[in-house]
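As provided, query36.pdb (PDB, C-alpha atoms, pLDDT in the B column) reads as follows.
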ATOM      1  CA  ASP A   1      24.030  70.924  18.069  1.00 63.00           C
ATOM      2  CA  ALA A   2      22.699  67.599  16.955  1.00 81.00           C
ATOM      3  CA  GLY A   3      24.852  64.662  17.900  1.00 92.00           C
ATOM      4  CA  VAL A   4      25.569  61.613  15.804  1.00 96.00           C
ATOM      5  CA  ILE A   5      22.333  60.298  14.351  1.00 96.00           C
ATOM      6  CA  GLN A   6      21.747  56.632  13.608  1.00 97.00           C
ATOM      7  CA  SER A   7      18.824  54.847  12.050  1.00 96.00           C
ATOM      8  CA  PRO A   8      17.039  52.637  12.596  1.00 97.00           C
ATOM      9  CA  ARG A   9      17.313  52.354  16.368  1.00 96.00           C
ATOM     10  CA  HIS A  10      16.072  48.775  16.279  1.00 96.00           C
ATOM     11  CA  GLU A  11      16.056  46.233  13.476  1.00 97.00           C
ATOM     12  CA  VAL A  12      14.686  42.726  13.505  1.00 97.00           C
ATOM     13  CA  THR A  13      15.241  40.660  10.401  1.00 97.00           C
ATOM     14  CA  GLU A  14      15.446  37.089   9.269  1.00 97.00           C
ATOM     15  CA  MET A  15      18.585  35.224   8.386  1.00 97.00           C
ATOM     16  CA  GLY A  16      19.618  35.799   4.795  1.00 97.00           C
ATOM     17  CA  GLN A  17      18.079  39.248   4.498  1.00 97.00           C
ATOM     18  CA  GLU A  18      20.030  42.391   3.701  1.00 97.00           C
ATOM     19  CA  VAL A  19      20.409  44.908   6.503  1.00 98.00           C
ATOM     20  CA  THR A  20      21.438  48.546   6.051  1.00 98.00           C
ATOM     21  CA  LEU A  21      22.395  50.721   8.983  1.00 98.00           C
ATOM     22  CA  ARG A  22      22.697  54.481   8.560  1.00 98.00           C
ATOM     23  CA  CYS A  23      24.714  57.182  10.231  1.00 98.00           C
ATOM     24  CA  LYS A  24      24.909  60.956  10.064  1.00 98.00           C
ATOM     25  CA  PRO A  25      28.052  62.260  11.770  1.00 97.00           C
ATOM     26  CA  ILE A  26      28.415  65.582  13.522  1.00 96.00           C
ATOM     27  CA  SER A  27      28.934  68.367  11.017  1.00 96.00           C
ATOM     28  CA  GLY A  28      32.589  69.300  10.651  1.00 95.00           C
ATOM     29  CA  HIS A  29      33.905  65.974  11.881  1.00 96.00           C
ATOM     30  CA  ASP A  30      36.403  64.441   9.487  1.00 94.00           C
ATOM     31  CA  TYR A  31      36.527  60.960  11.027  1.00 95.00           C
ATOM     32  CA  LEU A  32      33.750  58.407  11.173  1.00 96.00           C
ATOM     33  CA  PHE A  33      33.880  55.065  12.935  1.00 96.00           C
ATOM     34  CA  TRP A  34      31.656  51.987  12.958  1.00 97.00           C
ATOM     35  CA  TYR A  35      31.748  49.785  16.067  1.00 96.00           C
ATOM     36  CA  ARG A  36      29.985  46.591  17.067  1.00 96.00           C
ATOM     37  CA  GLN A  37      29.147  45.777  20.673  1.00 92.00           C
ATOM     38  CA  THR A  38      28.380  42.278  21.948  1.00 92.00           C
ATOM     39  CA  MET A  39      28.436  40.702  25.367  1.00 86.00           C
ATOM     40  CA  MET A  40      31.065  38.212  24.321  1.00 87.00           C
ATOM     41  CA  ARG A  41      33.514  40.490  22.498  1.00 87.00           C
ATOM     42  CA  GLY A  42      32.784  43.920  23.951  1.00 87.00           C
ATOM     43  CA  LEU A  43      33.266  46.947  21.701  1.00 91.00           C
ATOM     44  CA  GLU A  44      35.013  46.238  18.385  1.00 92.00           C
ATOM     45  CA  LEU A  45      36.080  48.734  15.753  1.00 93.00           C
ATOM     46  CA  LEU A  46      34.859  47.559  12.354  1.00 96.00           C
ATOM     47  CA  ILE A  47      36.016  50.321  10.029  1.00 96.00           C
ATOM     48  CA  TYR A  48      36.851  53.996  10.001  1.00 95.00           C
ATOM     49  CA  PHE A  49      36.793  56.754   7.409  1.00 96.00           C
ATOM     50  CA  ASN A  50      38.803  59.946   7.082  1.00 95.00           C
ATOM     51  CA  ASN A  51      37.314  62.603   4.819  1.00 95.00           C
ATOM     52  CA  ASN A  52      34.900  60.029   3.402  1.00 95.00           C
ATOM     53  CA  VAL A  53      37.693  57.599   2.473  1.00 96.00           C
ATOM     54  CA  PRO A  54      37.854  54.173   4.161  1.00 95.00           C
ATOM     55  CA  ILE A  55      41.211  53.943   5.891  1.00 93.00           C
ATOM     56  CA  ASP A  56      41.160  50.719   7.881  1.00 91.00           C
ATOM     57  CA  ASP A  57      38.569  47.990   7.436  1.00 93.00           C
ATOM     58  CA  SER A  58      40.576  45.252   9.113  1.00 91.00           C
ATOM     59  CA  GLY A  59      37.892  44.878  11.766  1.00 92.00           C
ATOM     60  CA  MET A  60      35.146  44.001   9.307  1.00 94.00           C
ATOM     61  CA  PRO A  61      34.357  40.387  10.146  1.00 88.00           C
ATOM     62  CA  GLU A  62      33.898  39.063   6.627  1.00 86.00           C
ATOM     63  CA  ASP A  63      32.852  39.895   3.101  1.00 91.00           C
ATOM     64  CA  ARG A  64      29.214  39.974   4.073  1.00 95.00           C
ATOM     65  CA  PHE A  65      29.914  43.340   5.680  1.00 97.00           C
ATOM     66  CA  SER A  66      30.476  46.498   3.659  1.00 97.00           C
ATOM     67  CA  ALA A  67      30.534  50.199   4.506  1.00 97.00           C
ATOM     68  CA  LYS A  68      30.338  53.327   2.418  1.00 97.00           C
ATOM     69  CA  MET A  69      30.547  57.038   2.976  1.00 97.00           C
ATOM     70  CA  PRO A  70      29.315  58.803  -0.173  1.00 97.00           C
ATOM     71  CA  ASN A  71      29.580  62.256   1.395  1.00 95.00           C
ATOM     72  CA  ALA A  72      30.624  63.991   4.589  1.00 95.00           C
ATOM     73  CA  SER A  73      27.194  63.731   6.162  1.00 95.00           C
ATOM     74  CA  PHE A  74      26.196  60.137   5.530  1.00 96.00           C
ATOM     75  CA  SER A  75      27.522  56.625   5.945  1.00 98.00           C
ATOM     76  CA  THR A  76      26.037  53.156   5.676  1.00 98.00           C
ATOM     77  CA  LEU A  77      26.975  49.759   7.028  1.00 98.00           C
ATOM     78  CA  LYS A  78      25.471  46.901   5.084  1.00 98.00           C
ATOM     79  CA  ILE A  79      25.244  43.218   5.945  1.00 97.00           C
ATOM     80  CA  GLN A  80      24.300  40.890   3.126  1.00 97.00           C
ATOM     81  CA  PRO A  81      23.272  38.185   3.822  1.00 96.00           C
ATOM     82  CA  SER A  82      22.683  38.581   7.536  1.00 96.00           C
ATOM     83  CA  GLU A  83      23.228  35.743  10.006  1.00 96.00           C
ATOM     84  CA  PRO A  84      22.089  35.261  13.609  1.00 96.00           C
ATOM     85  CA  ARG A  85      25.654  35.784  14.863  1.00 95.00           C
ATOM     86  CA  ASP A  86      25.502  39.329  13.504  1.00 96.00           C
ATOM     87  CA  SER A  87      23.022  40.210  16.247  1.00 97.00           C
ATOM     88  CA  ALA A  88      24.597  43.053  18.209  1.00 97.00           C
ATOM     89  CA  VAL A  89      24.428  46.780  18.839  1.00 95.00           C
ATOM     90  CA  TYR A  90      26.151  48.758  16.092  1.00 97.00           C
ATOM     91  CA  PHE A  91      27.477  52.197  16.940  1.00 96.00           C
ATOM     92  CA  CYS A  92      28.598  54.987  14.718  1.00 97.00           C
ATOM     93  CA  ALA A  93      30.968  57.598  16.127  1.00 96.00           C
ATOM     94  CA  SER A  94      32.650  60.685  14.736  1.00 96.00           C
ATOM     95  CA  SER A  95      35.507  62.983  15.689  1.00 93.00           C
ATOM     96  CA  ARG A  96      36.894  66.241  14.410  1.00 93.00           C
ATOM     97  CA  GLN A  97      40.412  64.893  14.148  1.00 87.00           C
ATOM     98  CA  GLY A  98      41.757  61.384  14.614  1.00 83.00           C
ATOM     99  CA  TYR A  99      43.221  62.159  18.007  1.00 81.00           C
ATOM    100  CA  GLU A 100      40.199  64.025  19.359  1.00 84.00           C
ATOM    101  CA  THR A 101      37.262  62.749  21.367  1.00 87.00           C
ATOM    102  CA  GLN A 102      34.922  60.387  19.589  1.00 91.00           C
ATOM    103  CA  TYR A 103      31.202  61.139  19.875  1.00 93.00           C
ATOM    104  CA  PHE A 104      28.942  58.127  19.696  1.00 94.00           C
ATOM    105  CA  GLY A 105      25.470  57.787  18.297  1.00 95.00           C
ATOM    106  CA  PRO A 106      22.707  55.979  20.206  1.00 93.00           C
ATOM    107  CA  GLY A 107      23.328  52.748  18.310  1.00 95.00           C
ATOM    108  CA  THR A 108      21.257  50.350  16.245  1.00 97.00           C
ATOM    109  CA  ARG A 109      20.181  47.187  18.028  1.00 96.00           C
ATOM    110  CA  LEU A 110      20.121  44.429  15.415  1.00 98.00           C
ATOM    111  CA  LEU A 111      18.476  41.067  15.933  1.00 98.00           C
ATOM    112  CA  VAL A 112      18.798  38.459  13.193  1.00 97.00           C
ATOM    113  CA  LEU A 113      16.431  35.530  13.626  1.00 97.00           C
TER     114      LEU A 113
ATOM    115  CA  GLY B   1      49.191  46.750  20.576  1.00 77.00           C
ATOM    116  CA  ASN B   2      47.533  48.439  23.494  1.00 84.00           C
ATOM    117  CA  SER B   3      45.308  46.642  25.948  1.00 90.00           C
ATOM    118  CA  VAL B   4      43.041  47.778  28.755  1.00 94.00           C
ATOM    119  CA  THR B   5      41.957  45.626  31.672  1.00 94.00           C
ATOM    120  CA  GLN B   6      39.130  46.650  33.940  1.00 94.00           C
ATOM    121  CA  MET B   7      37.330  44.911  36.738  1.00 86.00           C
ATOM    122  CA  GLU B   8      34.391  42.805  35.752  1.00 82.00           C
ATOM    123  CA  GLY B   9      31.035  43.720  37.107  1.00 84.00           C
ATOM    124  CA  PRO B  10      28.413  44.061  37.948  1.00 94.00           C
ATOM    125  CA  VAL B  11      29.165  46.370  40.831  1.00 96.00           C
ATOM    126  CA  THR B  12      26.219  47.017  43.143  1.00 97.00           C
ATOM    127  CA  LEU B  13      26.388  49.878  45.615  1.00 97.00           C
ATOM    128  CA  SER B  14      23.998  51.677  47.877  1.00 97.00           C
ATOM    129  CA  GLU B  15      23.346  55.338  47.248  1.00 97.00           C
ATOM    130  CA  GLU B  16      26.053  57.618  48.730  1.00 96.00           C
ATOM    131  CA  ALA B  17      28.620  54.810  48.825  1.00 97.00           C
ATOM    132  CA  PHE B  18      32.182  55.284  47.590  1.00 97.00           C
ATOM    133  CA  LEU B  19      32.953  53.955  44.125  1.00 97.00           C
ATOM    134  CA  THR B  20      36.177  52.594  42.706  1.00 97.00           C
ATOM    135  CA  ILE B  21      36.422  50.882  39.338  1.00 97.00           C
ATOM    136  CA  ASN B  22      39.905  49.614  38.596  1.00 97.00           C
ATOM    137  CA  CYS B  23      41.586  49.992  35.225  1.00 97.00           C
ATOM    138  CA  THR B  24      45.110  49.089  34.132  1.00 97.00           C
ATOM    139  CA  TYR B  25      46.653  49.447  30.721  1.00 95.00           C
ATOM    140  CA  THR B  26      49.541  48.237  28.619  1.00 93.00           C
ATOM    141  CA  ALA B  27      50.827  50.387  25.799  1.00 87.00           C
ATOM    142  CA  THR B  28      53.840  51.348  23.778  1.00 81.00           C
ATOM    143  CA  GLY B  29      54.667  54.881  24.765  1.00 79.00           C
ATOM    144  CA  TYR B  30      52.400  57.113  26.783  1.00 83.00           C
ATOM    145  CA  PRO B  31      48.801  56.942  25.698  1.00 91.00           C
ATOM    146  CA  SER B  32      45.919  59.210  26.566  1.00 92.00           C
ATOM    147  CA  LEU B  33      43.471  57.536  28.932  1.00 94.00           C
ATOM    148  CA  PHE B  34      39.709  57.874  29.046  1.00 95.00           C
ATOM    149  CA  TRP B  35      36.635  56.841  30.919  1.00 97.00           C
ATOM    150  CA  TYR B  36      33.445  56.586  28.895  1.00 96.00           C
ATOM    151  CA  VAL B  37      29.964  56.026  30.330  1.00 97.00           C
ATOM    152  CA  GLN B  38      27.054  54.278  28.631  1.00 94.00           C
ATOM    153  CA  TYR B  39      23.594  54.861  30.067  1.00 94.00           C
ATOM    154  CA  PRO B  40      20.889  52.299  29.257  1.00 89.00           C
ATOM    155  CA  GLY B  41      19.805  52.473  25.638  1.00 86.00           C
ATOM    156  CA  GLU B  42      22.368  55.116  24.725  1.00 88.00           C
ATOM    157  CA  GLY B  43      25.773  55.376  23.098  1.00 90.00           C
ATOM    158  CA  LEU B  44      29.041  55.918  24.897  1.00 93.00           C
ATOM    159  CA  GLN B  45      29.811  59.397  26.230  1.00 93.00           C
ATOM    160  CA  LEU B  46      33.191  60.687  27.282  1.00 94.00           C
ATOM    161  CA  LEU B  47      33.201  61.085  31.062  1.00 97.00           C
ATOM    162  CA  LEU B  48      36.770  62.257  31.631  1.00 97.00           C
ATOM    163  CA  LYS B  49      40.252  61.951  30.240  1.00 95.00           C
ATOM    164  CA  ALA B  50      43.929  62.469  31.050  1.00 95.00           C
ATOM    165  CA  THR B  51      46.672  62.907  28.511  1.00 92.00           C
ATOM    166  CA  LYS B  52      49.876  62.562  30.527  1.00 91.00           C
ATOM    167  CA  ALA B  53      51.265  61.071  33.709  1.00 92.00           C
ATOM    168  CA  ASP B  54      49.939  62.493  36.993  1.00 94.00           C
ATOM    169  CA  ASP B  55      47.104  64.306  35.218  1.00 95.00           C
ATOM    170  CA  LYS B  56      43.761  64.036  36.964  1.00 97.00           C
ATOM    171  CA  GLY B  57      40.603  63.954  34.892  1.00 97.00           C
ATOM    172  CA  SER B  58      37.358  64.924  36.593  1.00 97.00           C
ATOM    173  CA  ASN B  59      33.722  65.402  35.695  1.00 97.00           C
ATOM    174  CA  LYS B  60      30.352  65.106  37.464  1.00 95.00           C
ATOM    175  CA  GLY B  61      32.066  64.169  40.732  1.00 97.00           C
ATOM    176  CA  PHE B  62      34.083  61.374  39.109  1.00 98.00           C
ATOM    177  CA  GLU B  63      37.884  61.451  39.158  1.00 98.00           C
ATOM    178  CA  ALA B  64      40.728  59.381  37.756  1.00 98.00           C
ATOM    179  CA  THR B  65      44.478  59.939  37.974  1.00 98.00           C
ATOM    180  CA  TYR B  66      46.952  58.800  35.320  1.00 97.00           C
ATOM    181  CA  ARG B  67      49.505  56.691  37.215  1.00 96.00           C
ATOM    182  CA  LYS B  68      52.443  55.806  35.001  1.00 93.00           C
ATOM    183  CA  GLU B  69      54.276  53.850  37.698  1.00 93.00           C
ATOM    184  CA  THR B  70      51.378  51.457  38.185  1.00 95.00           C
ATOM    185  CA  THR B  71      49.962  51.816  34.630  1.00 95.00           C
ATOM    186  CA  SER B  72      46.565  52.496  36.146  1.00 96.00           C
ATOM    187  CA  PHE B  73      43.653  54.888  35.712  1.00 97.00           C
ATOM    188  CA  HIS B  74      41.133  53.962  38.400  1.00 98.00           C
ATOM    189  CA  LEU B  75      37.765  55.689  38.416  1.00 98.00           C
ATOM    190  CA  GLU B  76      36.485  57.031  41.744  1.00 98.00           C
ATOM    191  CA  LYS B  77      33.490  58.883  43.075  1.00 98.00           C
ATOM    192  CA  GLY B  78      32.922  59.799  46.658  1.00 96.00           C
ATOM    193  CA  SER B  79      29.154  59.442  46.794  1.00 96.00           C
ATOM    194  CA  VAL B  80      27.267  57.665  44.047  1.00 97.00           C
ATOM    195  CA  GLN B  81      23.670  58.354  43.076  1.00 97.00           C
ATOM    196  CA  VAL B  82      21.028  56.161  41.504  1.00 96.00           C
ATOM    197  CA  SER B  83      21.463  58.206  38.324  1.00 96.00           C
ATOM    198  CA  ASP B  84      25.073  56.974  38.070  1.00 97.00           C
ATOM    199  CA  SER B  85      23.844  53.492  37.213  1.00 97.00           C
ATOM    200  CA  ALA B  86      25.449  52.742  33.852  1.00 97.00           C
ATOM    201  CA  VAL B  87      28.260  50.830  32.181  1.00 95.00           C
ATOM    202  CA  TYR B  88      31.718  52.399  32.484  1.00 97.00           C
ATOM    203  CA  PHE B  89      34.459  51.805  29.935  1.00 96.00           C
ATOM    204  CA  CYS B  90      38.141  52.500  30.401  1.00 96.00           C
ATOM    205  CA  ALA B  91      40.024  53.241  27.169  1.00 94.00           C
ATOM    206  CA  SER B  92      43.447  54.214  25.867  1.00 93.00           C
ATOM    207  CA  GLN B  93      44.712  55.877  22.712  1.00 89.00           C
ATOM    208  CA  ASN B  94      48.281  56.469  21.592  1.00 84.00           C
ATOM    209  CA  SER B  95      49.161  59.953  20.448  1.00 76.00           C
ATOM    210  CA  GLY B  96      50.184  61.059  16.970  1.00 72.00           C
ATOM    211  CA  GLY B  97      47.609  61.452  14.247  1.00 67.00           C
ATOM    212  CA  TYR B  98      44.866  58.876  14.350  1.00 72.00           C
ATOM    213  CA  GLN B  99      45.413  55.977  16.688  1.00 76.00           C
ATOM    214  CA  LYS B 100      42.865  53.302  17.412  1.00 84.00           C
ATOM    215  CA  VAL B 101      41.030  53.649  20.722  1.00 90.00           C
ATOM    216  CA  THR B 102      41.311  50.475  22.779  1.00 90.00           C
ATOM    217  CA  PHE B 103      38.335  49.885  25.062  1.00 92.00           C
ATOM    218  CA  GLY B 104      38.040  47.698  28.138  1.00 93.00           C
ATOM    219  CA  ILE B 105      35.158  45.275  28.483  1.00 91.00           C
ATOM    220  CA  GLY B 106      33.039  47.658  30.520  1.00 93.00           C
ATOM    221  CA  THR B 107      31.926  47.531  34.143  1.00 95.00           C
ATOM    222  CA  LYS B 108      28.245  47.698  34.939  1.00 95.00           C
ATOM    223  CA  LEU B 109      27.396  49.793  37.991  1.00 97.00           C
ATOM    224  CA  GLN B 110      24.058  49.507  39.708  1.00 96.00           C
ATOM    225  CA  VAL B 111      23.252  51.954  42.496  1.00 97.00           C
ATOM    226  CA  ILE B 112      20.311  51.072  44.700  1.00 97.00           C
ATOM    227  CA  PRO B 113      18.387  53.558  46.847  1.00 94.00           C
TER     228      PRO B 113
END

With the file now loaded, output its structure as structure tokens.
Amino acid sequence: DAGVIQSPRHEVTEMGQEVTLRCKPISGHDYLFWYRQTMMRGLELLIYFNNNVPIDDSGMPEDRFSAKMPNASFSTLKIQPSEPRDSAVYFCASSRQGYETQYFGPGTRLLVL
Amino acid sequence: GNSVTQMEGPVTLSEEAFLTINCTYTATGYPSLFWYVQYPGEGLQLLLKATKADDKGSNKGFEATYRKETTSFHLEKGSVQVSDSAVYFCASQNSGGYQKVTFGIGTKLQVIP
């Protein structure tokens, strides 16, 4: 079975540009999570969805960040406008149920210049 | 809320050495405990877990025992290999529906031949 798929794997952009990160969860998983990983703050949960509905976005740093899940097989995390402090690795993860193991994608390494 | 404290790395060991990575937790109730591993350039993978006191999780030669009395879940391996070089994350999750997974900061392990 294919795991969680993320694209792009690497993104380099300039400050002020819009960035869109994409995620395809494992088929049959009802929960989808977006995390951000930095050296300073470790792994932070940004937002999670249950059955395509955003449940908790309290981890989203500010209004420049938005996430959508239009269907069960696709989610996006958008940053507009991007800033250098957004540079990080962004992970998408999914799980069958909320209490079950989360499976992580390979991550998108974002660098904002 | 929950918190997880793990030893800061990096930890450098020679091949076949004994490994211990310490992890302690604070939580309301009795959470499930996990160790995740992140190999270079990849996402996190579940290594092992334990769901109640005195349970021992094990996988790939790694072990960890859920110690309620010391609120600890230390990771051990008797003989490490170069291929074990990775970042190891301790994590906790309360039971009951969806509960946020709380991750430690990660401990980088480097095994040298």

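Selection by the PyMOL selection byres ((chain B and resi 9-23) around 8) on the present file picks out Val4, Thr5, Gln6, Met7, Glu8, Thr24, Tyr25, Ser72, Phe73, His74, Leu75, Glu76, Lys77, Gly78, Ser79, Val80, Gln81, Val82, Cys90, Gly106, Thr107, Lys108, Leu109, Gln110, Val111, Ile112 and Pro113 of chain B.
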
Between atom CA of A:His10 and atom CA of A:Arg109, measure the distance and give it in Å to one decimal.
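Going from atom CA of A:His10 over to atom CA of A:Arg109, I get 4.7 Å.
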
Could you state which residues are captured by the PyMOL selection byres ((chain A) within 12 of (chain B)) in this file, as a PyMOL selection string?
chain A and resi 3-6+9-10+30-33+35-50+55-56+58-59+89-109

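Residues lying within 8 Å of B:Glu63, counting only C-alpha atoms and ignoring same-chain neighbours fewer than 2 positions away, are Leu48, Lys56, Gly57, Ser58, Asn59, Gly61, Thr65, Leu75, Glu76 and Lys77 of chain B.
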
Counting only C-alpha atoms, closest pick from A:Ser66, A:Glu14, A:Ser27, A:Pro54 relative to A:Arg85 is A:Glu14

In Å, with one decimal, what is the gap from atom CA of A:Leu113 to atom CA of A:Val19?
12.4 Å

Mind giving me the straight-line distance from atom CA of B:Ser92 to atom CA of B:Gly1 in Å, one decimal?
10.8 Å

Hey, could you pull the box centre and edge lengths for stretch 67-72 of chain A, axis-aligned, 3 Å padding per side, all listed atoms, to one decimal in Å, as lines of an AutoDock Vina configuration file?
center_x = 30.0
center_y = 57.1
center_z = 2.2
size_x = 7.3
size_y = 19.8
size_z = 10.8

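Nearest to A:Gln80 of all the residues A:Ala2, A:Glu11, A:Asp57, A:Gly16 is A:Gly16, based on all atoms listed in the file.
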
Residues in the PyMOL selection byres ((chain A and resi 87) around 7), expressed as number ranges by chain:
A: 84-86, 88, 110-112

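The nearest approach to B:Ala91 among the residues B:Thr26, B:Tyr36, B:Thr71, B:Ala50, with only C-alpha atoms taken into account, belongs to B:Tyr36.
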
Would you mind exporting stretch 36-45 of chain A with all heavy atoms, as a PDB file, in the first residue's frame?
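Printed below is decode_37.pdb as written:
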ATOM      1  N   ARG A  36       4.451  20.939  11.639  1.00  0.00           N
ATOM      2  CA  ARG A  36       5.626  21.698  11.229  1.00  0.00           C
ATOM      3  C   ARG A  36       6.771  21.315  12.162  1.00  0.00           C
ATOM      4  O   ARG A  36       6.595  21.241  13.377  1.00  0.00           O
ATOM      5  CB  ARG A  36       5.348  23.202  11.306  1.00  0.00           C
ATOM      6  CG  ARG A  36       6.523  24.068  10.925  1.00  0.00           C
ATOM      7  CD  ARG A  36       6.144  25.536  10.829  1.00  0.00           C
ATOM      8  NE  ARG A  36       5.791  26.111  12.119  1.00  0.00           N
ATOM      9  CZ  ARG A  36       5.500  27.403  12.294  1.00  0.00           C
ATOM     10  NH1 ARG A  36       5.509  28.212  11.252  1.00  0.00           N
ATOM     11  NH2 ARG A  36       5.191  27.860  13.490  1.00  0.00           N
ATOM     12  N   GLN A  37       7.942  21.104  11.564  1.00  0.00           N
ATOM     13  CA  GLN A  37       9.115  20.729  12.352  1.00  0.00           C
ATOM     14  C   GLN A  37      10.227  21.742  12.142  1.00  0.00           C
ATOM     15  O   GLN A  37      10.658  21.999  11.023  1.00  0.00           O
ATOM     16  CB  GLN A  37       9.607  19.330  11.951  1.00  0.00           C
ATOM     17  CG  GLN A  37      10.763  18.814  12.799  1.00  0.00           C
ATOM     18  CD  GLN A  37      11.239  17.439  12.353  1.00  0.00           C
ATOM     19  OE1 GLN A  37      11.321  17.146  11.163  1.00  0.00           O
ATOM     20  NE2 GLN A  37      11.542  16.578  13.315  1.00  0.00           N
ATOM     21  N   THR A  38      10.707  22.313  13.249  1.00  0.00           N
ATOM     22  CA  THR A  38      11.848  23.226  13.219  1.00  0.00           C
ATOM     23  C   THR A  38      12.805  22.840  14.324  1.00  0.00           C
ATOM     24  O   THR A  38      12.427  22.167  15.291  1.00  0.00           O
ATOM     25  CB  THR A  38      11.431  24.692  13.417  1.00  0.00           C
ATOM     26  OG1 THR A  38      10.810  24.811  14.718  1.00  0.00           O
ATOM     27  CG2 THR A  38      10.447  25.150  12.357  1.00  0.00           C
ATOM     28  N   MET A  39      14.032  23.277  14.201  1.00  0.00           N
ATOM     29  CA  MET A  39      15.025  22.987  15.226  1.00  0.00           C
ATOM     30  C   MET A  39      14.641  23.637  16.550  1.00  0.00           C
ATOM     31  O   MET A  39      14.810  23.055  17.619  1.00  0.00           O
ATOM     32  CB  MET A  39      16.399  23.475  14.777  1.00  0.00           C
ATOM     33  CG  MET A  39      16.993  22.679  13.630  1.00  0.00           C
ATOM     34  SD  MET A  39      17.408  21.007  14.132  1.00  0.00           S
ATOM     35  CE  MET A  39      18.755  21.329  15.264  1.00  0.00           C
ATOM     36  N   MET A  40      14.108  24.844  16.457  1.00  0.00           N
ATOM     37  CA  MET A  40      13.830  25.594  17.673  1.00  0.00           C
ATOM     38  C   MET A  40      12.600  25.073  18.419  1.00  0.00           C
ATOM     39  O   MET A  40      12.594  25.021  19.650  1.00  0.00           O
ATOM     40  CB  MET A  40      13.620  27.065  17.335  1.00  0.00           C
ATOM     41  CG  MET A  40      14.872  27.762  16.850  1.00  0.00           C
ATOM     42  SD  MET A  40      16.166  27.773  18.108  1.00  0.00           S
ATOM     43  CE  MET A  40      15.401  28.800  19.358  1.00  0.00           C
ATOM     44  N   ARG A  41      11.564  24.690  17.697  1.00  0.00           N
ATOM     45  CA  ARG A  41      10.279  24.379  18.324  1.00  0.00           C
ATOM     46  C   ARG A  41       9.907  22.903  18.232  1.00  0.00           C
ATOM     47  O   ARG A  41       8.856  22.499  18.755  1.00  0.00           O
ATOM     48  CB  ARG A  41       9.190  25.238  17.711  1.00  0.00           C
ATOM     49  CG  ARG A  41       9.434  26.738  17.880  1.00  0.00           C
ATOM     50  CD  ARG A  41       8.406  27.545  17.089  1.00  0.00           C
ATOM     51  NE  ARG A  41       7.085  27.398  17.666  1.00  0.00           N
ATOM     52  CZ  ARG A  41       6.593  28.213  18.595  1.00  0.00           C
ATOM     53  NH1 ARG A  41       7.328  29.211  19.062  1.00  0.00           N
ATOM     54  NH2 ARG A  41       5.374  28.025  19.073  1.00  0.00           N
ATOM     55  N   GLY A  42      10.732  22.114  17.553  1.00  0.00           N
ATOM     56  CA  GLY A  42      10.422  20.695  17.422  1.00  0.00           C
ATOM     57  C   GLY A  42       9.239  20.478  16.502  1.00  0.00           C
ATOM     58  O   GLY A  42       9.033  21.206  15.533  1.00  0.00           O
ATOM     59  N   LEU A  43       8.421  19.479  16.829  1.00  0.00           N
ATOM     60  CA  LEU A  43       7.284  19.085  16.003  1.00  0.00           C
ATOM     61  C   LEU A  43       6.020  19.722  16.570  1.00  0.00           C
ATOM     62  O   LEU A  43       5.654  19.479  17.714  1.00  0.00           O
ATOM     63  CB  LEU A  43       7.175  17.571  16.002  1.00  0.00           C
ATOM     64  CG  LEU A  43       6.400  16.901  14.884  1.00  0.00           C
ATOM     65  CD1 LEU A  43       7.054  17.182  13.545  1.00  0.00           C
ATOM     66  CD2 LEU A  43       6.352  15.410  15.130  1.00  0.00           C
ATOM     67  N   GLU A  44       5.338  20.524  15.759  1.00  0.00           N
ATOM     68  CA  GLU A  44       4.135  21.228  16.198  1.00  0.00           C
ATOM     69  C   GLU A  44       2.946  20.808  15.343  1.00  0.00           C
ATOM     70  O   GLU A  44       3.048  20.789  14.116  1.00  0.00           O
ATOM     71  CB  GLU A  44       4.295  22.743  16.015  1.00  0.00           C
ATOM     72  CG  GLU A  44       5.461  23.378  16.706  1.00  0.00           C
ATOM     73  CD  GLU A  44       5.586  24.837  16.278  1.00  0.00           C
ATOM     74  OE1 GLU A  44       6.154  25.096  15.200  1.00  0.00           O
ATOM     75  OE2 GLU A  44       5.091  25.715  17.028  1.00  0.00           O
ATOM     76  N   LEU A  45       1.832  20.530  15.978  1.00  0.00           N
ATOM     77  CA  LEU A  45       0.607  20.248  15.250  1.00  0.00           C
ATOM     78  C   LEU A  45      -0.022  21.570  14.821  1.00  0.00           C
ATOM     79  O   LEU A  45      -0.284  22.440  15.654  1.00  0.00           O
ATOM     80  CB  LEU A  45      -0.373  19.478  16.130  1.00  0.00           C
ATOM     81  CG  LEU A  45      -1.738  19.184  15.518  1.00  0.00           C
ATOM     82  CD1 LEU A  45      -1.610  18.237  14.324  1.00  0.00           C
ATOM     83  CD2 LEU A  45      -2.675  18.594  16.560  1.00  0.00           C
TER      84      LEU A  45
END
